[in-house]
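Everything below belongs to coords_0.txt, which stores compact mmCIF, C-alpha atoms.
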```
# COMPACT_ATOMS: atom_id res chain seq x y z
CA MET V 1 -22.10 -30.46 10.44
CA ARG V 2 -19.00 -32.55 11.11
CA LEU V 3 -16.22 -33.47 8.71
CA ALA V 4 -12.88 -35.29 8.95
CA LEU V 5 -10.19 -34.06 6.55
CA GLU V 6 -7.19 -36.21 5.65
CA ILE V 7 -3.79 -35.12 6.92
CA THR V 8 -1.58 -34.99 3.82
CA PRO V 9 2.23 -34.59 3.70
CA ASN V 10 3.54 -31.03 4.15
CA LEU V 11 0.17 -29.74 5.36
CA GLU V 12 1.69 -27.89 8.34
CA PRO V 13 2.29 -24.55 6.52
CA LEU V 14 -1.47 -24.22 6.12
CA PHE V 15 -1.87 -24.10 9.90
CA GLY V 16 0.29 -20.98 10.20
CA THR V 17 2.57 -19.82 12.98
CA ARG V 18 1.10 -21.09 16.26
CA ASP V 19 -1.97 -22.22 14.29
CA GLU V 20 -2.92 -18.61 13.49
CA ASN V 21 -4.49 -19.60 10.15
CA LEU V 22 -6.70 -22.19 11.80
CA ARG V 23 -7.80 -19.64 14.41
CA LEU V 24 -8.56 -17.17 11.61
CA MET V 25 -10.87 -19.69 9.92
CA GLU V 26 -12.48 -20.62 13.25
CA ASP V 27 -13.22 -17.01 14.22
CA SER V 28 -14.37 -15.90 10.76
CA LEU V 29 -16.45 -18.95 9.78
CA GLY V 30 -17.82 -19.96 13.18
CA VAL V 31 -16.32 -23.45 13.06
CA ARG V 32 -14.16 -25.53 15.37
CA ILE V 33 -11.03 -27.21 13.99
CA ASP V 34 -9.34 -30.00 15.97
CA LEU V 35 -5.99 -31.47 14.94
CA ARG V 36 -5.83 -35.16 15.76
CA SER V 37 -3.41 -37.92 14.88
CA ASP V 38 -5.69 -39.48 12.29
CA ALA V 39 -7.36 -36.43 10.69
CA VAL V 40 -8.37 -32.77 10.97
CA HIS V 41 -11.86 -32.63 12.44
CA VAL V 42 -14.05 -29.66 11.49
CA GLU V 43 -17.39 -28.93 13.14
CA GLY V 44 -19.85 -26.06 12.66
CA PRO V 45 -22.33 -24.55 10.18
CA GLU V 46 -22.45 -26.29 6.81
CA ALA V 47 -21.26 -23.22 4.89
CA GLY V 48 -18.28 -22.75 7.20
CA VAL V 49 -17.27 -26.41 7.14
CA THR V 50 -17.57 -26.49 3.34
CA LYS V 51 -15.34 -23.40 3.12
CA VAL V 52 -12.66 -24.99 5.30
CA LYS V 53 -12.80 -28.16 3.19
CA GLY V 54 -12.29 -26.08 0.05
CA VAL V 55 -9.26 -24.35 1.59
CA PHE V 56 -7.63 -27.68 2.48
CA GLN V 57 -8.34 -29.13 -0.98
CA ASP V 58 -7.02 -26.03 -2.79
CA PHE V 59 -3.88 -25.94 -0.64
CA GLU V 60 -3.13 -29.59 -1.45
CA ALA V 61 -3.82 -29.08 -5.17
CA LEU V 62 -1.50 -26.04 -5.29
CA ARG V 63 1.21 -27.92 -3.40
CA ARG V 64 1.09 -30.72 -5.97
CA GLN V 65 1.54 -28.10 -8.69
CA GLY V 66 4.72 -26.95 -6.94
CA ILE V 67 3.16 -23.76 -5.55
CA ASN V 68 4.25 -23.33 -1.94
CA LEU V 69 2.72 -20.30 -0.22
CA HIS V 70 4.73 -18.75 2.62
CA ASN V 71 2.95 -17.86 5.83
CA GLY V 72 2.57 -14.09 5.48
CA GLU V 73 1.20 -14.41 1.96
CA LEU V 74 -1.03 -17.36 2.88
CA ASN V 75 -2.54 -15.61 5.90
CA GLY V 76 -3.45 -12.59 3.79
CA MET V 77 -5.03 -14.79 1.13
CA LEU V 78 -7.04 -16.69 3.74
CA ARG V 79 -8.42 -13.39 5.04
CA LEU V 80 -9.80 -12.74 1.56
CA VAL V 81 -11.16 -16.28 1.25
CA VAL V 82 -13.11 -16.18 4.53
CA ALA V 83 -14.41 -12.67 3.82
CA ASP V 84 -16.03 -13.61 0.48
CA GLU V 85 -17.97 -16.83 -0.05
CA LYS V 86 -17.18 -16.85 -3.79
CA THR V 87 -13.42 -16.42 -3.39
CA THR V 88 -11.21 -19.51 -3.29
CA LEU V 89 -7.53 -20.00 -2.56
CA ARG V 90 -6.95 -21.31 -6.07
CA SER V 91 -8.70 -18.37 -7.76
CA LEU V 92 -6.51 -15.92 -5.82
CA VAL V 93 -3.34 -17.72 -6.88
CA ASP V 94 -4.50 -17.78 -10.53
CA ALA V 95 -5.25 -14.03 -10.43
CA GLY V 96 -1.85 -13.40 -8.85
CA LYS V 97 -0.12 -15.33 -11.66
CA GLN V 98 -1.71 -13.11 -14.31
CA ARG V 99 -0.60 -9.95 -12.51
CA SER V 100 2.89 -11.27 -11.79
CA ALA V 101 4.06 -12.19 -15.29
CA GLY V 102 7.73 -11.26 -15.55
CA ILE V 103 7.92 -10.16 -11.89
CA LYS V 104 10.11 -11.73 -9.21
CA ARG V 105 7.36 -11.63 -6.57
CA SER V 106 3.68 -12.52 -6.71
CA VAL V 107 1.38 -9.48 -6.81
CA GLN V 108 -1.10 -10.78 -4.28
CA PRO V 109 -3.42 -8.56 -2.19
CA ARG V 110 -3.40 -9.47 1.50
CA SER V 111 -6.60 -7.73 2.61
CA VAL V 112 -10.03 -6.92 1.28
CA ASN V 113 -9.11 -3.25 0.77
CA GLN V 114 -5.91 -4.20 -1.04
CA ARG V 115 -7.93 -6.42 -3.36
CA LYS V 116 -10.38 -3.58 -4.08
CA TYR V 117 -7.39 -1.32 -4.77
CA VAL V 118 -5.78 -3.73 -7.26
CA GLU V 119 -9.10 -4.31 -9.03
CA ALA V 120 -9.74 -0.55 -9.15
CA ILE V 121 -6.35 -0.01 -10.83
CA GLU V 122 -7.23 -2.65 -13.41
CA GLU V 123 -10.64 -1.11 -14.15
CA ASN V 124 -10.03 2.66 -13.91
CA ASP V 125 -7.67 5.17 -15.53
CA MET V 126 -7.16 7.13 -12.30
CA VAL V 127 -7.09 5.70 -8.78
CA PHE V 128 -6.36 7.32 -5.42
CA GLY V 129 -4.98 5.08 -2.67
CA VAL V 130 -5.36 6.83 0.69
CA GLY V 131 -4.37 5.34 4.02
CA PRO V 132 -1.73 4.85 6.73
CA ALA V 133 1.86 3.73 6.28
CA GLY V 134 2.57 0.11 5.48
CA THR V 135 -0.70 -0.73 3.73
CA GLY V 136 0.98 -1.52 0.40
CA LYS V 137 -0.34 1.51 -1.51
CA THR V 138 2.92 2.30 -3.30
CA TYR V 139 4.25 -1.24 -3.63
CA LEU V 140 1.07 -2.60 -5.22
CA ALA V 141 0.86 0.39 -7.57
CA VAL V 142 4.45 -0.14 -8.75
CA ALA V 143 3.78 -3.86 -9.14
CA MET V 144 0.70 -3.16 -11.25
CA ALA V 145 2.72 -0.72 -13.35
CA VAL V 146 5.44 -3.31 -13.98
CA ALA V 147 2.78 -5.90 -14.88
CA ALA V 148 1.14 -3.44 -17.32
CA MET V 149 4.50 -2.83 -19.01
CA ASN V 150 5.26 -6.53 -19.27
CA ALA V 151 1.83 -7.08 -20.84
CA LYS V 152 2.55 -4.29 -23.37
CA LYS V 153 -0.45 -2.28 -22.14
CA VAL V 154 1.80 0.78 -21.71
CA SER V 155 5.26 1.56 -23.05
CA ARG V 156 6.76 3.30 -20.03
CA MET V 157 6.43 4.00 -16.34
CA VAL V 158 6.68 7.41 -14.67
CA LEU V 159 7.17 7.50 -10.90
CA VAL V 160 6.72 10.88 -9.23
CA ARG V 161 7.18 12.18 -5.71
CA PRO V 162 7.06 15.71 -4.25
CA ALA V 163 10.47 16.57 -2.76
CA VAL V 164 9.10 18.01 0.48
CA GLU V 165 11.28 17.93 3.58
CA ALA V 166 10.06 16.25 6.75
CA GLY V 167 11.92 18.67 9.02
CA GLU V 168 15.11 18.79 6.95
CA LYS V 169 16.26 21.26 4.29
CA LEU V 170 17.19 20.13 0.81
CA GLY V 171 19.76 22.88 0.47
CA PHE V 172 21.95 21.37 3.16
CA LEU V 173 22.35 18.13 1.23
CA PRO V 174 25.51 17.82 -0.91
CA GLY V 175 25.51 17.32 -4.66
CA SER V 176 23.48 18.35 -7.69
CA LEU V 177 19.72 18.87 -7.77
CA GLN V 178 19.16 15.25 -8.87
CA GLU V 179 21.40 13.99 -6.07
CA LYS V 180 19.50 16.14 -3.58
CA VAL V 181 16.08 14.74 -4.54
CA ASP V 182 17.12 11.09 -5.06
CA PRO V 183 16.81 10.23 -1.32
CA TYR V 184 13.18 11.37 -1.46
CA LEU V 185 12.55 9.02 -4.39
CA ARG V 186 14.31 6.05 -2.78
CA PRO V 187 11.07 4.18 -1.78
CA LEU V 188 10.12 4.03 -5.46
CA TYR V 189 13.54 2.64 -6.41
CA ASP V 190 13.27 0.08 -3.58
CA ALA V 191 9.94 -1.21 -4.92
CA LEU V 192 11.36 -1.51 -8.44
CA TYR V 193 14.44 -3.45 -7.34
CA ASP V 194 12.26 -5.74 -5.22
CA LEU V 195 10.02 -6.61 -8.18
CA LEU V 196 12.55 -6.78 -11.03
CA GLU V 197 16.14 -7.88 -11.48
CA PRO V 198 18.52 -5.00 -10.67
CA GLU V 199 20.19 -5.20 -14.09
CA LYS V 200 16.82 -4.90 -15.82
CA VAL V 201 15.81 -1.92 -13.69
CA ASP V 202 19.10 -0.13 -14.40
CA LYS V 203 18.73 -0.75 -18.13
CA MET V 204 15.14 0.56 -18.17
CA LEU V 205 16.14 3.62 -16.16
CA GLU V 206 19.02 4.29 -18.55
CA LYS V 207 16.70 4.09 -21.57
CA ASN V 208 14.08 6.22 -19.81
CA ILE V 209 11.51 3.43 -20.05
CA ILE V 210 11.21 3.92 -16.32
CA GLU V 211 11.43 7.54 -15.20
CA VAL V 212 11.71 8.50 -11.55
CA ALA V 213 11.41 12.24 -11.02
CA PRO V 214 10.35 14.90 -8.52
CA LEU V 215 6.93 16.44 -9.07
CA ALA V 216 8.40 19.79 -10.13
CA PHE V 217 9.73 18.16 -13.33
CA MET V 218 6.19 17.32 -14.51
CA ARG V 219 5.01 20.84 -15.34
CA GLY V 220 4.16 21.39 -19.01
CA ARG V 221 4.36 17.72 -19.98
CA THR V 222 1.77 15.39 -21.52
CA LEU V 223 2.29 11.76 -20.56
CA ASN V 224 0.99 9.39 -23.26
CA ASP V 225 1.02 5.57 -23.21
CA ALA V 226 2.34 5.59 -19.65
CA PHE V 227 1.59 4.21 -16.20
CA ILE V 228 2.08 7.15 -13.85
CA ILE V 229 2.36 6.89 -10.07
CA MET V 230 2.56 9.80 -7.65
CA ASP V 231 3.66 8.79 -4.16
CA GLU V 232 3.36 10.88 -0.96
CA ALA V 233 0.61 12.94 -2.59
CA GLN V 234 -0.38 14.45 0.76
CA ASN V 235 2.67 16.72 0.40
CA THR V 236 1.47 18.37 -2.79
CA THR V 237 -0.19 21.76 -2.79
CA VAL V 238 -3.60 22.23 -4.39
CA GLU V 239 -1.97 23.80 -7.45
CA GLN V 240 0.60 21.01 -7.79
CA MET V 241 -2.08 18.32 -7.58
CA LYS V 242 -4.15 19.98 -10.30
CA MET V 243 -1.03 20.34 -12.44
CA PHE V 244 -0.16 16.65 -12.03
CA LEU V 245 -3.67 15.31 -12.68
CA THR V 246 -3.88 17.24 -15.94
CA ARG V 247 -0.67 15.61 -17.29
CA LEU V 248 -2.61 12.43 -18.15
CA GLY V 249 -2.40 11.65 -21.88
CA ASN V 250 -3.86 9.05 -24.24
CA ASN V 251 -3.69 5.38 -23.21
CA SER V 252 -2.32 6.34 -19.79
CA LYS V 253 -3.21 5.33 -16.26
CA ALA V 254 -2.47 7.25 -13.05
CA VAL V 255 -2.31 6.08 -9.44
CA ILE V 256 -2.00 8.63 -6.64
CA THR V 257 -1.06 7.43 -3.16
CA GLY V 258 -0.79 9.25 0.13
CA ASP V 259 -1.45 9.38 3.87
CA ILE V 260 -3.36 12.46 5.04
CA THR V 261 -2.13 11.89 8.62
CA GLN V 262 1.50 12.56 7.57
CA ILE V 263 1.36 15.94 5.85
CA ASP V 264 4.71 17.77 5.93
CA LEU V 265 3.48 21.00 4.31
CA PRO V 266 3.69 24.26 6.33
CA ASN V 267 -0.11 24.53 6.00
CA PRO V 268 -1.67 21.03 6.12
CA ARG V 269 -5.03 22.45 5.06
CA ARG V 270 -3.50 23.27 1.67
CA SER V 271 -2.73 19.61 0.91
CA GLY V 272 -3.56 18.77 -2.69
CA LEU V 273 -4.59 15.25 -1.70
CA VAL V 274 -7.13 16.47 0.85
CA ASP V 275 -8.49 18.93 -1.69
CA ALA V 276 -8.69 16.25 -4.42
CA ILE V 277 -10.67 13.93 -2.16
CA ASN V 278 -13.24 16.67 -1.64
CA VAL V 279 -13.34 17.93 -5.23
CA LEU V 280 -13.07 14.72 -7.28
CA GLU V 281 -15.14 12.26 -5.25
CA GLY V 282 -17.85 10.94 -7.56
CA VAL V 283 -16.17 11.99 -10.83
CA GLU V 284 -16.63 9.26 -13.44
CA GLY V 285 -13.43 7.34 -14.21
CA ILE V 286 -11.78 8.21 -10.88
CA LYS V 287 -11.80 5.70 -8.03
CA PHE V 288 -10.88 6.37 -4.39
CA CYS V 289 -9.64 3.43 -2.28
CA HIS V 290 -9.29 3.97 1.46
CA PHE V 291 -7.06 1.79 3.64
CA GLU V 292 -7.27 1.17 7.38
CA ASP V 293 -4.77 0.10 10.05
CA GLY V 294 -5.98 -3.50 9.57
CA ASP V 295 -4.48 -3.41 6.06
CA VAL V 296 -0.92 -2.83 7.32
CA VAL V 297 1.33 -5.57 5.93
CA ARG V 298 4.66 -4.53 7.46
CA HIS V 299 5.89 -5.66 10.87
CA ALA V 300 3.02 -6.31 13.32
CA LEU V 301 4.32 -3.39 15.41
CA VAL V 302 3.51 -0.94 12.58
CA GLN V 303 -0.18 -1.77 12.85
CA ARG V 304 -0.13 -1.17 16.61
CA ILE V 305 1.81 2.08 16.17
CA VAL V 306 -0.76 3.39 13.66
CA ARG V 307 -3.59 2.53 16.05
CA ALA V 308 -1.84 4.20 18.98
CA TYR V 309 -1.39 7.45 17.05
CA ASP V 310 -5.01 7.35 15.87
CA ALA V 311 -6.16 6.92 19.47
CA ALA V 312 -4.01 9.86 20.61
CA LYS V 313 -5.12 12.15 17.76
CA PRO V 314 -7.97 13.96 19.63
CA GLN V 315 -5.56 15.01 22.40
CA GLN V 316 -2.86 16.04 19.93
CA GLN V 317 -5.26 18.21 17.96
CA GLU V 318 -6.00 20.30 21.05
CA LEU V 319 -2.48 20.42 22.47
CA PRO V 320 -0.46 22.15 19.70
CA LEU V 321 -2.75 25.17 19.61
CA GLU V 322 -2.34 25.79 23.36
CA ILE V 323 1.41 25.27 23.17
CA ALA V 324 1.67 27.56 20.15
CA GLU V 325 -0.33 30.32 21.86
CA GLY V 326 1.76 29.99 25.01
CA SER V 327 4.96 30.04 22.97
CA VAL V 328 3.92 33.17 21.06
CA ALA V 329 2.94 34.91 24.29
CA ALA V 330 6.27 34.00 25.89
CA GLN V 331 8.22 35.24 22.87
CA SER V 332 6.25 38.48 22.85
CA GLU V 333 6.91 39.01 26.58
CA THR V 334 10.63 38.38 26.06
CA ARG V 335 10.79 40.92 23.24
CA GLU V 336 9.04 43.55 25.41
CA LYS V 337 11.57 43.03 28.24
CA ARG V 338 14.50 43.38 25.81
CA VAL V 339 13.05 46.58 24.39
CA ALA V 340 12.53 47.97 27.90
CA LYS V 341 16.14 47.23 28.85
CA MET V 342 17.46 48.92 25.72
CA GLN V 343 15.46 52.02 26.51
```

Give the structure from the file, written as structure tokens.
Amino acid sequence: MRLALEITPNLEPLFGTRDENLRLMEDSLGVRIDLRSDAVHVEGPEAGVTKVKGVFQDFEALRRQGINLHNGELNGMLRLVVADEKTTLRSLVDAGKQRSAGIKRSVQPRSVNQRKYVEAIEENDMVFGVGPAGTGKTYLAVAMAVAAMNAKKVSRMVLVRPAVEAGEKLGFLPGSLQEKVDPYLRPLYDALYDLLEPEKVDKMLEKNIIEVAPLAFMRGRTLNDAFIIMDEAQNTTVEQMKMFLTRLGNNSKAVITGDITQIDLPNPRRSGLVDAINVLEGVEGIKFCHFEDGDVVRHALVQRIVRAYDAAKPQQQELPLEIAEGSVAAQSETREKRVAKMQ
């Protein structure tokens, strides 16, 4: 099937940087798109050509409504459109509007797994988001929490993070306990300030409508009418995870995010997130969403870094044990020599 699409004013953003959006549609839909002076010529299977036509029509309709999609956002939306025959560019924008009421930025998934994650949060009272860094687990959860508050579905937001050091010691940091743990909660603050006006965030924090606290402060509490998010859940112990999950009160929703490849606990096998995945999989009302390196929405280098570490993982799993054994043997030999000299 062949089709010629009219070139309308300000159509260039749809093409993407170096025509990456056109290549995405070509590769995913099996079509060929040629840019000519008179029109955009599309050739290929009927379903693919029809999909491309719908994208061009939706983009033009949105532009006339004053909705201008920037390239990163548009590319992510196009990935969803080409992956699902029922999804359209306009339907994604409409869904994003509903989720973004009162928020500075549009809450728009940029991958299939991100879309499943957002929909799971909407449909379930407890959701686990598990995957590598940069996949939007925390940001989307905070955005959904803000949207739920703006829609009066909950009356407050509770953001929690275990204050576990990644090689540093909390005791060496200056200040009070709150000042010591604040740096570990900074990613949650960053997401809030990115989604809401700073003055509004400060006011809500002051009134305790938004609470940002280390996990240790959760013990003994019951959290009613709240949207609760625990970030960096891989650094909880089994006991801490159970304690947190049982804080859920009436009319509350919980989202737990983490990356099981970045566990900072002394014994990674005691990670509460790893244990929860094994114990709670299949429990009614709990949804697990798994992200992959293809879902990374940060700098393009982050995606390549994640893949490089994943590729090196088999070698790294063998190496530390040998090094550790050699190190212990060397230390033992040194101690024996010192003892011999003293005698």

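Using all atoms listed in the file for every distance, the candidate list V:Val130, V:Ile305, V:Val142, V:Leu62 yields V:Val130 as the residue closest to Val274 (chain V).
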
One-decimal distance in Å that lies between CA of Leu78 (chain V) and CA of Ala47 (chain V) = 15.7 Å

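Nearest residue to Phe291 (chain V), choosing from V:Arg186, V:Arg64, V:Lys203, V:Arg115 and counting all atoms listed in the file: V:Arg115.
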
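We find CA of Lys253 (chain V) and CA of Gln108 (chain V) to be spaced 20.2 Å apart.
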
Of the candidates V:Arg247, V:Ile228, V:Asn278, V:Pro45, which shows the shortest atom-to-atom distance to Ile121 (chain V), using all atoms listed in the file?
-> V:Ile228

Could you name the residues that touch Ile263 (chain V) at 10 Å or less, counting only C-alpha atoms, but leaving out those on the same chain fewer than 6 positions away, as a PyMOL selection string?
-> chain V and resi 164+166+232-236+269-271+273-274

Which polymer residues have any atom within 8 Å of an atom of Gly76 (chain V), counting only C-alpha atoms, with same-chain residues fewer than 6 positions away left out, as a CSV table (one decimal) with C-alpha atoms, in the frame of the given file?
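Listed below is the output, out.csv:
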```csv
chain,number,residue,atom,x,y,z
V,109,PRO,CA,-3.4,-8.6,-2.2
V,110,ARG,CA,-3.4,-9.5,1.5
V,111,SER,CA,-6.6,-7.7,2.6
```

What's the 8 Å shell around region 153-159 of chain V, counting only C-alpha atoms, without same-chain residues fewer than 2 positions away, as a PDB file with C-alpha atoms, in the coordinates of the input?
```pdb
ATOM      1  CA  ALA V 145       2.720  -0.720 -13.350  1.00  0.00           C
ATOM      2  CA  VAL V 146       5.440  -3.310 -13.980  1.00  0.00           C
ATOM      3  CA  ALA V 148       1.140  -3.440 -17.320  1.00  0.00           C
ATOM      4  CA  MET V 149       4.500  -2.830 -19.010  1.00  0.00           C
ATOM      5  CA  ASN V 150       5.260  -6.530 -19.270  1.00  0.00           C
ATOM      6  CA  ALA V 151       1.830  -7.080 -20.840  1.00  0.00           C
ATOM      7  CA  ARG V 161       7.180  12.180  -5.710  1.00  0.00           C
ATOM      8  CA  LEU V 188      10.120   4.030  -5.460  1.00  0.00           C
ATOM      9  CA  ASN V 208      14.080   6.220 -19.810  1.00  0.00           C
ATOM     10  CA  ILE V 209      11.510   3.430 -20.050  1.00  0.00           C
ATOM     11  CA  ILE V 210      11.210   3.920 -16.320  1.00  0.00           C
ATOM     12  CA  GLU V 211      11.430   7.540 -15.200  1.00  0.00           C
ATOM     13  CA  VAL V 212      11.710   8.500 -11.550  1.00  0.00           C
ATOM     14  CA  ALA V 213      11.410  12.240 -11.020  1.00  0.00           C
ATOM     15  CA  ASP V 225       1.020   5.570 -23.210  1.00  0.00           C
ATOM     16  CA  ALA V 226       2.340   5.590 -19.650  1.00  0.00           C
ATOM     17  CA  PHE V 227       1.590   4.210 -16.200  1.00  0.00           C
ATOM     18  CA  ILE V 228       2.080   7.150 -13.850  1.00  0.00           C
ATOM     19  CA  ILE V 229       2.360   6.890 -10.070  1.00  0.00           C
ATOM     20  CA  MET V 230       2.560   9.800  -7.650  1.00  0.00           C
ATOM     21  CA  ASP V 231       3.660   8.790  -4.160  1.00  0.00           C
ATOM     22  CA  ASN V 251      -3.690   5.380 -23.210  1.00  0.00           C
ATOM     23  CA  SER V 252      -2.320   6.340 -19.790  1.00  0.00           C
TER      24      SER V 252
END
```

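Computed from the coordinates, the CA of Ile286 (chain V) to CA of Thr135 (chain V) distance equals 20.4 Å.
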
Region 16-33 of chain V surroundings by only C-alpha atoms, 8 Å radius, close-in-sequence under 2 positions cut, as an NGL selection string = :V and (12-14 or 35 or 40-45 or 48-49 or 52 or 71 or 75 or 78-79 or 82-83)

What does the file look like for those residues with C-alpha atoms, as a PDB file, in the frame of the given file?
```pdb
ATOM      1  CA  GLU V  12       1.690 -27.890   8.340  1.00  0.00           C
ATOM      2  CA  PRO V  13       2.290 -24.550   6.520  1.00  0.00           C
ATOM      3  CA  LEU V  14      -1.470 -24.220   6.120  1.00  0.00           C
ATOM      4  CA  LEU V  35      -5.990 -31.470  14.940  1.00  0.00           C
ATOM      5  CA  VAL V  40      -8.370 -32.770  10.970  1.00  0.00           C
ATOM      6  CA  HIS V  41     -11.860 -32.630  12.440  1.00  0.00           C
ATOM      7  CA  VAL V  42     -14.050 -29.660  11.490  1.00  0.00           C
ATOM      8  CA  GLU V  43     -17.390 -28.930  13.140  1.00  0.00           C
ATOM      9  CA  GLY V  44     -19.850 -26.060  12.660  1.00  0.00           C
ATOM     10  CA  PRO V  45     -22.330 -24.550  10.180  1.00  0.00           C
ATOM     11  CA  GLY V  48     -18.280 -22.750   7.200  1.00  0.00           C
ATOM     12  CA  VAL V  49     -17.270 -26.410   7.140  1.00  0.00           C
ATOM     13  CA  VAL V  52     -12.660 -24.990   5.300  1.00  0.00           C
ATOM     14  CA  ASN V  71       2.950 -17.860   5.830  1.00  0.00           C
ATOM     15  CA  ASN V  75      -2.540 -15.610   5.900  1.00  0.00           C
ATOM     16  CA  LEU V  78      -7.040 -16.690   3.740  1.00  0.00           C
ATOM     17  CA  ARG V  79      -8.420 -13.390   5.040  1.00  0.00           C
ATOM     18  CA  VAL V  82     -13.110 -16.180   4.530  1.00  0.00           C
ATOM     19  CA  ALA V  83     -14.410 -12.670   3.820  1.00  0.00           C
TER      20      ALA V  83
END
```

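Around the point (-16.2, -22.2, -0.9), within 6 Å and counting only C-alpha atoms, we find these residues: Lys51, Gly54 and Glu85 of chain V.
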
I want to know what sits within 12 Å of Asp94 (chain V), based on only C-alpha atoms, with residues of the same chain fewer than 6 positions away left out; could you give that as an mmCIF file with C-alpha atoms, keeping the file's coordinate frame?
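File around.cif, as written:
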```cif
data_model
loop_
_atom_site.group_PDB
_atom_site.id
_atom_site.type_symbol
_atom_site.label_atom_id
_atom_site.label_comp_id
_atom_site.auth_asym_id
_atom_site.auth_seq_id
_atom_site.Cartn_x
_atom_site.Cartn_y
_atom_site.Cartn_z
ATOM 1 C CA ASP V 58 -7.020 -26.030 -2.790
ATOM 2 C CA LEU V 62 -1.500 -26.040 -5.290
ATOM 3 C CA ILE V 67 3.160 -23.760 -5.550
ATOM 4 C CA THR V 87 -13.420 -16.420 -3.390
ATOM 5 C CA THR V 88 -11.210 -19.510 -3.290
ATOM 6 C CA SER V 100 2.890 -11.270 -11.790
ATOM 7 C CA ALA V 101 4.060 -12.190 -15.290
ATOM 8 C CA SER V 106 3.680 -12.520 -6.710
ATOM 9 C CA VAL V 107 1.380 -9.480 -6.810
ATOM 10 C CA GLN V 108 -1.100 -10.780 -4.280
#
```

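Nearest residue to Gly131 (chain V), choosing from V:Ala311, V:Ile260, V:Val297, V:Leu205 and counting all atoms listed in the file: V:Ile260.
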
Which of V:Val302, V:Ile256, V:Ala216, V:Ile103 sits closest to Pro198 (chain V) [using only C-alpha atoms] | V:Ile103

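Among V:Leu5, V:Leu69, V:Val279, V:Met241, the residue with the shortest atom-to-atom distance to Val160 (chain V), counting all atoms listed in the file, is V:Met241.
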